[in-house]
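As stored in model-v9.tsv (TSV, C-alpha atoms and all ligand atoms):
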```tsv
chain	number	residue	atom	x	y	z
A	443	MET	CA	2.40	-9.27	-8.37
A	444	LYS	CA	1.37	-12.54	-10.00
A	445	HIS	CA	2.02	-12.52	-13.77
A	446	PRO	CA	-1.27	-12.06	-15.71
A	447	SER	CA	-0.57	-15.28	-17.63
A	448	LYS	CA	-1.18	-17.20	-14.38
A	449	GLU	CA	-4.79	-16.05	-13.93
A	450	ARG	CA	-7.28	-18.87	-13.40
A	451	THR	CA	-11.05	-19.11	-13.84
A	452	LEU	CA	-13.71	-21.70	-13.07
A	453	VAL	CA	-15.95	-23.05	-15.83
A	454	ILE	CA	-18.76	-25.55	-15.26
A	455	ILE	CA	-20.43	-27.21	-18.24
A	456	LYS	CA	-23.98	-27.53	-16.93
A	457	PRO	CA	-26.12	-30.69	-17.37
A	458	ASP	CA	-27.68	-29.40	-20.62
A	459	GLY	CA	-24.22	-28.89	-22.16
A	460	ILE	CA	-23.37	-32.53	-21.55
A	461	GLN	CA	-26.79	-33.79	-22.72
A	462	ARG	CA	-26.48	-31.73	-25.91
A	463	GLY	CA	-23.09	-33.27	-26.72
A	464	LEU	CA	-21.39	-29.87	-26.67
A	465	VAL	CA	-18.47	-30.66	-24.35
A	466	GLY	CA	-15.85	-30.77	-27.11
A	467	GLU	CA	-17.25	-27.69	-28.85
A	468	ILE	CA	-17.25	-25.68	-25.60
A	469	MET	CA	-13.76	-26.75	-24.55
A	470	GLN	CA	-12.42	-25.97	-28.00
A	471	ARG	CA	-13.56	-22.35	-27.67
A	472	TYR	CA	-11.43	-21.86	-24.56
A	473	GLU	CA	-8.55	-24.01	-25.77
A	474	ARG	CA	-8.17	-22.19	-29.06
A	475	LEU	CA	-7.87	-18.84	-27.28
A	476	GLY	CA	-4.60	-20.18	-25.92
A	477	LEU	CA	-5.85	-20.91	-22.41
A	478	LYS	CA	-4.46	-23.94	-20.60
A	479	LEU	CA	-6.50	-26.53	-18.70
A	480	ALA	CA	-5.34	-26.68	-15.07
A	481	GLY	CA	-8.01	-29.07	-13.72
A	482	MET	CA	-11.09	-31.00	-14.85
A	483	LYS	CA	-13.63	-33.47	-13.46
A	484	LEU	CA	-17.03	-35.00	-14.26
A	485	MET	CA	-19.41	-35.14	-11.32
A	486	VAL	CA	-23.03	-34.90	-10.17
A	487	PRO	CA	-23.07	-31.96	-7.75
A	488	THR	CA	-25.08	-32.08	-4.52
A	489	PRO	CA	-27.72	-29.41	-3.82
A	490	GLU	CA	-25.47	-28.18	-0.97
A	491	GLN	CA	-22.54	-27.70	-3.36
A	492	ILE	CA	-24.71	-25.63	-5.70
A	493	GLU	CA	-26.18	-23.52	-2.91
A	494	GLY	CA	-22.68	-23.01	-1.46
A	495	HIS	CA	-21.37	-21.98	-4.88
A	496	TYR	CA	-23.98	-19.29	-5.47
A	497	LEU	CA	-23.80	-18.02	-1.89
A	498	LEU	CA	-19.99	-17.58	-1.87
A	499	ASP	CA	-20.73	-13.90	-2.55
A	500	PRO	CA	-23.04	-12.79	0.29
A	501	ASN	CA	-24.59	-10.11	-1.96
A	502	TRP	CA	-25.35	-12.39	-4.90
A	503	LYS	CA	-28.80	-13.51	-3.74
A	504	LYS	CA	-30.04	-9.96	-3.18
A	505	ASN	CA	-28.50	-8.72	-6.45
A	506	VAL	CA	-29.97	-11.53	-8.52
A	507	GLY	CA	-33.35	-11.00	-6.78
A	508	GLU	CA	-33.28	-7.30	-7.67
A	509	LYS	CA	-32.28	-8.08	-11.26
A	510	ALA	CA	-35.09	-10.64	-11.60
A	511	ILE	CA	-37.68	-8.25	-10.10
A	512	SER	CA	-36.72	-5.49	-12.50
A	513	SER	CA	-36.90	-7.85	-15.47
A	514	TYR	CA	-40.44	-8.95	-14.44
A	515	GLU	CA	-41.40	-5.27	-14.16
A	516	LYS	CA	-39.85	-4.43	-17.54
A	517	LYS	CA	-42.03	-7.12	-19.11
A	518	GLY	CA	-45.06	-5.52	-17.41
A	519	GLU	CA	-45.47	-8.60	-15.18
A	520	LYS	CA	-45.84	-8.86	-11.42
A	521	PRO	CA	-42.75	-10.40	-9.73
A	522	PRO	CA	-43.49	-13.43	-7.48
A	523	SER	CA	-42.47	-11.22	-4.50
A	524	SER	CA	-41.27	-7.66	-4.04
A	525	ASP	CA	-38.59	-8.87	-1.61
A	526	PRO	CA	-35.28	-9.40	-3.52
A	527	ILE	CA	-34.13	-11.99	-0.96
A	528	LYS	CA	-37.28	-14.08	-1.51
A	529	VAL	CA	-36.91	-13.86	-5.29
A	530	GLY	CA	-33.19	-14.68	-4.87
A	531	ASP	CA	-34.18	-17.79	-2.85
A	532	MET	CA	-36.45	-18.81	-5.70
A	533	VAL	CA	-33.61	-18.43	-8.22
A	534	VAL	CA	-31.30	-20.53	-5.97
A	535	ALA	CA	-33.96	-23.27	-5.66
A	536	ARG	CA	-34.33	-23.41	-9.45
A	537	LEU	CA	-30.54	-23.52	-9.90
A	538	LYS	CA	-30.22	-26.40	-7.41
A	539	LYS	CA	-32.75	-28.41	-9.42
A	540	TYR	CA	-31.07	-27.62	-12.74
A	541	MET	CA	-27.46	-28.12	-11.71
A	542	THR	CA	-28.05	-31.45	-9.91
A	543	ALA	CA	-30.17	-32.98	-12.71
A	544	GLY	CA	-27.20	-34.82	-14.24
A	545	PRO	CA	-23.43	-34.78	-14.53
A	546	VAL	CA	-21.56	-31.53	-14.98
A	547	ILE	CA	-17.92	-30.95	-15.94
A	548	CYS	CA	-15.92	-28.61	-13.72
A	549	MET	CA	-12.81	-27.08	-15.25
A	550	VAL	CA	-10.15	-24.57	-14.36
A	551	TRP	CA	-8.68	-22.63	-17.28
A	552	GLU	CA	-5.46	-20.66	-16.93
A	553	GLY	CA	-3.91	-17.89	-18.98
A	554	ALA	CA	-3.73	-14.13	-19.49
A	555	HIS	CA	-7.00	-12.43	-18.53
A	556	ALA	CA	-8.63	-15.87	-18.26
A	557	VAL	CA	-11.67	-14.61	-16.31
A	558	GLU	CA	-12.51	-11.79	-18.71
A	559	LEU	CA	-11.78	-13.72	-21.91
A	560	VAL	CA	-13.76	-16.80	-20.87
A	561	ARG	CA	-16.75	-14.54	-20.10
A	562	LYS	CA	-16.39	-12.82	-23.49
A	563	VAL	CA	-16.35	-16.12	-25.38
A	564	THR	CA	-19.16	-17.57	-23.22
A	565	GLY	CA	-21.55	-14.65	-23.84
A	566	GLY	CA	-24.26	-12.99	-21.74
A	567	THR	CA	-26.34	-14.90	-19.20
A	568	GLU	CA	-29.53	-15.01	-21.29
A	569	PRO	CA	-29.05	-16.98	-24.52
A	570	ARG	CA	-31.83	-14.99	-26.22
A	571	SER	CA	-29.82	-11.79	-25.98
A	572	SER	CA	-26.24	-13.09	-25.87
A	573	ASN	CA	-24.16	-12.12	-28.89
A	574	VAL	CA	-23.78	-14.17	-32.05
A	575	GLY	CA	-20.35	-15.81	-32.05
A	576	THR	CA	-20.45	-16.51	-28.31
A	577	ILE	CA	-21.14	-20.03	-27.02
A	578	ARG	CA	-24.47	-19.09	-25.45
A	579	GLY	CA	-25.40	-17.00	-28.49
A	580	ASP	CA	-24.60	-19.77	-30.96
A	581	PHE	CA	-25.74	-22.98	-29.28
A	582	VAL	CA	-28.83	-22.42	-27.17
A	583	VAL	CA	-32.23	-20.71	-27.36
A	584	ASP	CA	-33.48	-20.04	-23.82
A	585	SER	CA	-34.93	-16.78	-22.41
A	586	TYR	CA	-35.85	-15.40	-18.97
A	587	GLN	CA	-39.40	-15.09	-20.26
A	588	MET	CA	-39.70	-18.81	-20.98
A	589	ALA	CA	-37.77	-19.90	-17.87
A	590	ASP	CA	-39.95	-17.73	-15.59
A	591	MET	CA	-43.12	-18.97	-17.28
A	592	ASP	CA	-42.11	-22.57	-16.58
A	593	ASP	CA	-40.65	-21.83	-13.11
A	594	ARG	CA	-37.17	-23.14	-13.90
A	595	ALA	CA	-33.60	-21.91	-14.22
A	596	ILE	CA	-32.50	-20.53	-17.55
A	597	ARG	CA	-30.61	-23.22	-19.53
A	598	ASN	CA	-27.45	-21.47	-20.60
A	599	LEU	CA	-24.99	-24.38	-20.86
A	600	ILE	CA	-22.15	-22.90	-18.81
A	601	HIS	CA	-21.13	-21.25	-15.58
A	602	ALA	CA	-18.04	-19.05	-15.77
A	603	SER	CA	-16.59	-16.95	-12.95
A	604	GLY	CA	-17.63	-13.32	-13.32
A	605	ALA	CA	-14.59	-11.60	-11.78
A	606	VAL	CA	-11.09	-12.47	-10.57
A	607	GLY	CA	-12.26	-12.34	-6.94
A	608	GLU	CA	-15.17	-14.70	-7.74
A	609	ALA	CA	-12.80	-17.13	-9.43
A	610	GLU	CA	-10.52	-17.11	-6.38
A	611	GLN	CA	-13.47	-18.18	-4.19
A	612	GLU	CA	-15.09	-20.57	-6.65
A	613	ILE	CA	-12.02	-22.62	-7.61
A	614	PRO	CA	-11.35	-23.93	-4.05
A	615	HIS	CA	-15.10	-24.58	-3.67
A	616	TRP	CA	-14.89	-27.17	-6.47
A	617	PHE	CA	-11.25	-28.33	-6.47
A	618	SER	CA	-8.77	-29.37	-3.81
A	619	LYS	CA	-5.18	-28.15	-4.33
A	620	GLY	CA	-4.03	-31.62	-5.44
A	621	GLU	CA	-6.62	-31.70	-8.24
A	622	LEU	CA	-5.03	-28.68	-9.96
A	623	VAL	CA	-1.87	-29.17	-11.99
A	624	ASN	CA	0.95	-26.66	-12.51
A	625	TYR	CA	2.72	-27.39	-15.81
A	626	ARG	CA	4.17	-25.70	-18.86
A	627	ALA	CA	2.38	-25.93	-22.21
A	628	VAL	CA	4.64	-25.57	-25.25
A	629	HIS	CA	2.40	-22.94	-26.86
A	630	GLU	CA	2.98	-20.58	-23.93
A	631	ASP	CA	6.37	-19.59	-25.37
A	632	ILE	CA	4.78	-17.99	-28.42
A	633	LEU	CA	2.05	-16.33	-26.34
A	634	TYR	CA	4.09	-14.96	-23.49
A	635	SER	CA	7.88	-15.10	-23.91
A	636	LYS	CA	9.68	-11.76	-24.09
A	637	GLU	CA	12.11	-12.90	-26.78
A	638	LEU	CA	11.19	-14.98	-29.82
A	639	GLU	CA	14.47	-16.80	-30.19
A	640	GLY	CA	14.84	-20.26	-31.66
A	641	ILE	CA	12.21	-20.06	-34.38
A	642	LEU	CA	14.50	-19.35	-37.36
A	643	GLU	CA	17.00	-22.01	-38.34
A	701	LIG	P1	-23.83	-15.68	-15.02
A	701	LIG	O1	-22.63	-15.29	-14.19
A	701	LIG	O2	-23.79	-15.18	-16.43
A	701	LIG	O3	-24.17	-17.14	-14.96
A	701	LIG	O4	-25.05	-14.92	-14.35
A	701	LIG	P2	-25.36	-14.60	-12.81
A	701	LIG	O5	-24.22	-14.97	-11.93
A	701	LIG	O6	-25.90	-13.21	-12.77
A	701	LIG	O7	-26.56	-15.58	-12.54
A	701	LIG	C1	-26.37	-16.95	-12.31
A	701	LIG	C2	-27.66	-17.67	-12.65
A	701	LIG	O8	-28.78	-17.06	-11.95
A	701	LIG	C3	-28.05	-17.59	-14.12
A	701	LIG	O9	-27.43	-18.61	-14.88
A	701	LIG	C4	-29.55	-17.73	-14.05
A	701	LIG	O10	-29.95	-19.08	-13.92
A	701	LIG	C5	-29.92	-17.02	-12.76
A	701	LIG	N1	-30.30	-15.64	-13.02
A	701	LIG	C6	-29.47	-14.58	-13.14
A	701	LIG	N2	-30.14	-13.46	-13.41
A	701	LIG	C7	-31.45	-13.79	-13.45
A	701	LIG	C8	-32.67	-13.04	-13.69
A	701	LIG	O11	-32.69	-11.83	-13.91
A	701	LIG	N3	-33.84	-13.74	-13.68
A	701	LIG	C9	-33.87	-15.08	-13.43
A	701	LIG	N4	-35.05	-15.70	-13.44
A	701	LIG	N5	-32.76	-15.81	-13.20
A	701	LIG	C10	-31.56	-15.18	-13.21
A	702	MG	MG	-22.21	-15.26	-12.12
```
When written as structure tokens, how does the structure in this file appear?
Ligand code: GDP
Ligand code: MG
Amino acid sequence: MKHPSKERTLVIIKPDGIQRGLVGEIMQRYERLGLKLAGMKLMVPTPEQIEGHYLLDPNWKKNVGEKAISSYEKKGEKPPSSDPIKVGDMVVARLKKYMTAGPVICMVWEGAHAVELVRKVTGGTEPRSSNVGTIRGDFVVDSYQMADMDDRAIRNLIHASGAVGEAEQEIPHWFSKGELVNYRAVHEDILYSKELEGILE
């Protein structure tokens, strides 16, 4: 079994994160956990790359469509369609527009429980309800209500892989093998080594 300290996750700082000047702030949150950067690049994604990213999981479109329909219904509003696939298509179209509007930064972070811990620090999908202390909770104001009203994707600064299996599909979608670097960071000794020799003089 691969050691847990080798787990990797994909993070994308979305166009609003770059426009808001939050790149350093966001990276610091992951860096100070003790995670290690394994890859990073600035790019303007194509609509095909965004569509491909969200459709890596064949169930995602239907699931997100169902989630969106139930949130319209909870608000007492009529969803744009009762077909989850159609609503999912609408969400994908909005995401393509949002994610190709400007440069994004794609990153791979590595370390123990990287997927779970990056999600915890990033916060829930909707900034309105994401917890205080998380990146989305602290730095952005958007809501599904406002995004749906204006027919656009919710501006939540970041994409982060939702599960280890998702990360394993998403990382090769954005990075070739040669763009990821295997190296040792000095702080890993204090995080992971079995013995703590060599500290006392
Ligand atoms: P994430 O992993 O926290 O980014 O959330 P998901 O993977 O569930 O969703 C990805 C993106 O789809 C979000 O950033 C939103 O733009 C959009 N999305 C997800 N759930 C909903 C929803 O219930 N309603 C709407 N309108 N969009 C949604
Ligand atoms: Mg997701």
Neighbouring residues of Lys538 (chain A) were defined as those with any atom within 8 Å, considering all atoms listed in the file; residues of the same chain fewer than 3 positions away were excluded. Please report them as a compact mmCIF listing (two decimals) with C-alpha atoms, in the frame of the given file.
```txt
# COMPACT_ATOMS: atom_id res chain seq x y z
CA PRO A 489 -27.72 -29.41 -3.82
CA ILE A 492 -24.71 -25.63 -5.70
CA GLU A 493 -26.18 -23.52 -2.91
CA VAL A 534 -31.30 -20.53 -5.97
CA ALA A 535 -33.96 -23.27 -5.66
CA MET A 541 -27.46 -28.12 -11.71
CA THR A 542 -28.05 -31.45 -9.91
```
One-decimal distance in Å that lies between CA of Thr576 (chain A) and atom C5 of ligand LIG 701 (chain A):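 Straight-line distance from atom C5 of ligand LIG 701 (chain A) to CA of Thr576 (chain A) works out to 18.2 Å.
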Neighbour list for region 564-572 of chain A as JSON, numbers by chain, cut-off 10 Å, all atoms listed in the file, skip fewer than 5 positions in-chain: {"A": [453, 468, 471, 472, 558, 559, 577, 578, 579, 580, 581, 582, 583, 584, 585, 586, 587, 596, 597, 598, 599, 600, 601, 602]}
Spatial neighbours of Ser512 (chain A), 9 Å, all atoms listed in the file, chain gap at least 5 places, as number ranges by chain: A: 507, 517, 521
Selected residue, from A:Glu552, A:Leu537, A:Lys520, A:Ile511, that lies nearest to Tyr625 (chain A) when counting only C-alpha atoms: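 Answer, going by the shortest atom-to-atom distance: A:Glu552.
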Residues within 12 Å of (-20.0, -35.4, -16.7), counting only C-alpha atoms, listed as a ChimeraX atom specification: /A:454-465,482-487,541-549
Nearest to ligand LIG 701 (chain A) by atom-to-atom distance, counting all atoms listed in the file, from A:Arg626, A:His495, A:His555, A:Lys619: A:His495
Neighbourhood of ligand MG 702 (chain A) at 10 Å, counting all atoms listed in the file, reported as a ChimeraX atom specification: /A:495-496,499,502,506,561,567,601-605,608-609
Residues as selected, C-alpha atoms, written as a PDB file, in the coordinates of the input, can you do that?
```
ATOM      1  CA  HIS A 495     -21.370 -21.980  -4.880  1.00  0.00           C
ATOM      2  CA  TYR A 496     -23.980 -19.290  -5.470  1.00  0.00           C
ATOM      3  CA  ASP A 499     -20.730 -13.900  -2.550  1.00  0.00           C
ATOM      4  CA  TRP A 502     -25.350 -12.390  -4.900  1.00  0.00           C
ATOM      5  CA  VAL A 506     -29.970 -11.530  -8.520  1.00  0.00           C
ATOM      6  CA  ARG A 561     -16.750 -14.540 -20.100  1.00  0.00           C
ATOM      7  CA  THR A 567     -26.340 -14.900 -19.200  1.00  0.00           C
ATOM      8  CA  HIS A 601     -21.130 -21.250 -15.580  1.00  0.00           C
ATOM      9  CA  ALA A 602     -18.040 -19.050 -15.770  1.00  0.00           C
ATOM     10  CA  SER A 603     -16.590 -16.950 -12.950  1.00  0.00           C
ATOM     11  CA  GLY A 604     -17.630 -13.320 -13.320  1.00  0.00           C
ATOM     12  CA  ALA A 605     -14.590 -11.600 -11.780  1.00  0.00           C
ATOM     13  CA  GLU A 608     -15.170 -14.700  -7.740  1.00  0.00           C
ATOM     14  CA  ALA A 609     -12.800 -17.130  -9.430  1.00  0.00           C
TER      15      ALA A 609
END
```
Spatial neighbours of Lys503 (chain A), 10 Å, all atoms listed in the file, chain gap at least 2 places, as a ChimeraX atom specification: /A:496-501,505-509,526-534
Two-atom distance - CA of Leu479 (chain A), CA of Trp551 (chain A) (Å):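 Spanning CA of Leu479 (chain A) to CA of Trp551 (chain A) is a straight-line distance of 4.7 Å.
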CA of Leu622 (chain A) to CA of Val550 (chain A), straight-line distance in Å: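 Separation of CA of Val550 (chain A) and CA of Leu622 (chain A): 7.9 Å.
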Counting all atoms listed in the file, the option among A:Pro446, A:Pro522, A:Gly620, A:Gly481 closest to ligand LIG 701 (chain A): A:Pro522
Return as JSON the box centre and box size in Å, one decimal, for an axis-aligned box around all listed atoms of region 501-508 of chain A padded by 8 Å per side.
```
{"center_x": -29.0, "center_y": -10.4, "center_z": -5.2, "size_x": 24.8, "size_y": 22.2, "size_z": 22.6}
```
Closest of A:Glu621, A:Asp590, A:Glu473, A:Glu610 to ligand LIG 701 (chain A) - atom-to-atom distances counting only C-alpha atoms and all ligand atoms: A:Asp590
Selected residue, from A:Leu452, A:Ile613, A:Glu467, A:Arg594, that lies nearest to Val560 (chain A) when counting all atoms listed in the file: A:Leu452
Residue nearest ligand LIG 701 (chain A) among A:Asn573, A:Ser513, A:Gln491, A:Ser618 (counting only C-alpha atoms and all ligand atoms):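 That would be A:Ser513, the residue with the smallest distance to ligand LIG 701 (chain A).
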Would you fill the gaps in region 610-631 of chain A so it has N, CA and C atoms, then print it as a PDB file, keeping the file's coordinate frame?
```pdb
ATOM      1  N   GLU A 610     -11.372 -16.717  -7.518  1.00  0.00           N
ATOM      2  CA  GLU A 610     -10.520 -17.110  -6.380  1.00  0.00           C
ATOM      3  C   GLU A 610     -11.324 -17.806  -5.281  1.00  0.00           C
ATOM      4  N   GLN A 611     -12.615 -17.485  -5.176  1.00  0.00           N
ATOM      5  CA  GLN A 611     -13.470 -18.180  -4.190  1.00  0.00           C
ATOM      6  C   GLN A 611     -14.042 -19.474  -4.768  1.00  0.00           C
ATOM      7  N   GLU A 612     -14.391 -19.424  -6.055  1.00  0.00           N
ATOM      8  CA  GLU A 612     -15.090 -20.570  -6.650  1.00  0.00           C
ATOM      9  C   GLU A 612     -14.166 -21.768  -6.888  1.00  0.00           C
ATOM     10  N   ILE A 613     -12.918 -21.497  -7.290  1.00  0.00           N
ATOM     11  CA  ILE A 613     -12.020 -22.620  -7.610  1.00  0.00           C
ATOM     12  C   ILE A 613     -11.830 -23.541  -6.398  1.00  0.00           C
ATOM     13  N   PRO A 614     -11.490 -23.009  -5.194  1.00  0.00           N
ATOM     14  CA  PRO A 614     -11.350 -23.930  -4.050  1.00  0.00           C
ATOM     15  C   PRO A 614     -12.679 -24.541  -3.578  1.00  0.00           C
ATOM     16  N   HIS A 615     -13.809 -23.961  -3.993  1.00  0.00           N
ATOM     17  CA  HIS A 615     -15.100 -24.580  -3.670  1.00  0.00           C
ATOM     18  C   HIS A 615     -15.273 -25.904  -4.426  1.00  0.00           C
ATOM     19  N   TRP A 616     -14.694 -25.989  -5.618  1.00  0.00           N
ATOM     20  CA  TRP A 616     -14.890 -27.170  -6.470  1.00  0.00           C
ATOM     21  C   TRP A 616     -13.658 -28.080  -6.556  1.00  0.00           C
ATOM     22  N   PHE A 617     -12.486 -27.540  -6.297  1.00  0.00           N
ATOM     23  CA  PHE A 617     -11.250 -28.330  -6.470  1.00  0.00           C
ATOM     24  C   PHE A 617     -10.371 -28.248  -5.230  1.00  0.00           C
ATOM     25  N   SER A 618      -9.800 -29.403  -4.849  1.00  0.00           N
ATOM     26  CA  SER A 618      -8.770 -29.370  -3.810  1.00  0.00           C
ATOM     27  C   SER A 618      -7.454 -29.004  -4.510  1.00  0.00           C
ATOM     28  N   LYS A 619      -6.462 -28.580  -3.737  1.00  0.00           N
ATOM     29  CA  LYS A 619      -5.180 -28.150  -4.330  1.00  0.00           C
ATOM     30  C   LYS A 619      -4.573 -29.238  -5.208  1.00  0.00           C
ATOM     31  N   GLY A 620      -4.639 -30.493  -4.731  1.00  0.00           N
ATOM     32  CA  GLY A 620      -4.030 -31.620  -5.440  1.00  0.00           C
ATOM     33  C   GLY A 620      -4.705 -31.942  -6.776  1.00  0.00           C
ATOM     34  N   GLU A 621      -5.915 -31.423  -6.978  1.00  0.00           N
ATOM     35  CA  GLU A 621      -6.620 -31.700  -8.240  1.00  0.00           C
ATOM     36  C   GLU A 621      -6.237 -30.692  -9.336  1.00  0.00           C
ATOM     37  N   LEU A 622      -5.461 -29.679  -8.966  1.00  0.00           N
ATOM     38  CA  LEU A 622      -5.030 -28.680  -9.960  1.00  0.00           C
ATOM     39  C   LEU A 622      -3.565 -28.926 -10.287  1.00  0.00           C
ATOM     40  N   VAL A 623      -3.223 -28.809 -11.562  1.00  0.00           N
ATOM     41  CA  VAL A 623      -1.870 -29.170 -11.990  1.00  0.00           C
ATOM     42  C   VAL A 623      -1.132 -27.924 -12.505  1.00  0.00           C
ATOM     43  N   ASN A 624       0.075 -27.713 -11.991  1.00  0.00           N
ATOM     44  CA  ASN A 624       0.950 -26.660 -12.510  1.00  0.00           C
ATOM     45  C   ASN A 624       1.865 -27.311 -13.549  1.00  0.00           C
ATOM     46  N   TYR A 625       1.837 -26.841 -14.774  1.00  0.00           N
ATOM     47  CA  TYR A 625       2.720 -27.390 -15.810  1.00  0.00           C
ATOM     48  C   TYR A 625       2.919 -26.353 -16.894  1.00  0.00           C
ATOM     49  N   ARG A 626       3.872 -26.623 -17.759  1.00  0.00           N
ATOM     50  CA  ARG A 626       4.170 -25.700 -18.860  1.00  0.00           C
ATOM     51  C   ARG A 626       3.582 -26.281 -20.141  1.00  0.00           C
ATOM     52  N   ALA A 627       2.860 -25.481 -20.892  1.00  0.00           N
ATOM     53  CA  ALA A 627       2.380 -25.930 -22.210  1.00  0.00           C
ATOM     54  C   ALA A 627       3.305 -25.312 -23.256  1.00  0.00           C
ATOM     55  N   VAL A 628       3.640 -26.072 -24.294  1.00  0.00           N
ATOM     56  CA  VAL A 628       4.640 -25.570 -25.250  1.00  0.00           C
ATOM     57  C   VAL A 628       4.180 -24.283 -25.946  1.00  0.00           C
ATOM     58  N   HIS A 629       2.886 -24.134 -26.145  1.00  0.00           N
ATOM     59  CA  HIS A 629       2.400 -22.940 -26.860  1.00  0.00           C
ATOM     60  C   HIS A 629       2.579 -21.656 -26.040  1.00  0.00           C
ATOM     61  N   GLU A 630       2.836 -21.785 -24.752  1.00  0.00           N
ATOM     62  CA  GLU A 630       2.980 -20.580 -23.930  1.00  0.00           C
ATOM     63  C   GLU A 630       4.174 -19.727 -24.337  1.00  0.00           C
ATOM     64  N   ASP A 631       5.211 -20.349 -24.923  1.00  0.00           N
ATOM     65  CA  ASP A 631       6.370 -19.590 -25.370  1.00  0.00           C
ATOM     66  C   ASP A 631       5.956 -18.525 -26.382  1.00  0.00           C
TER      67      ASP A 631
END
```
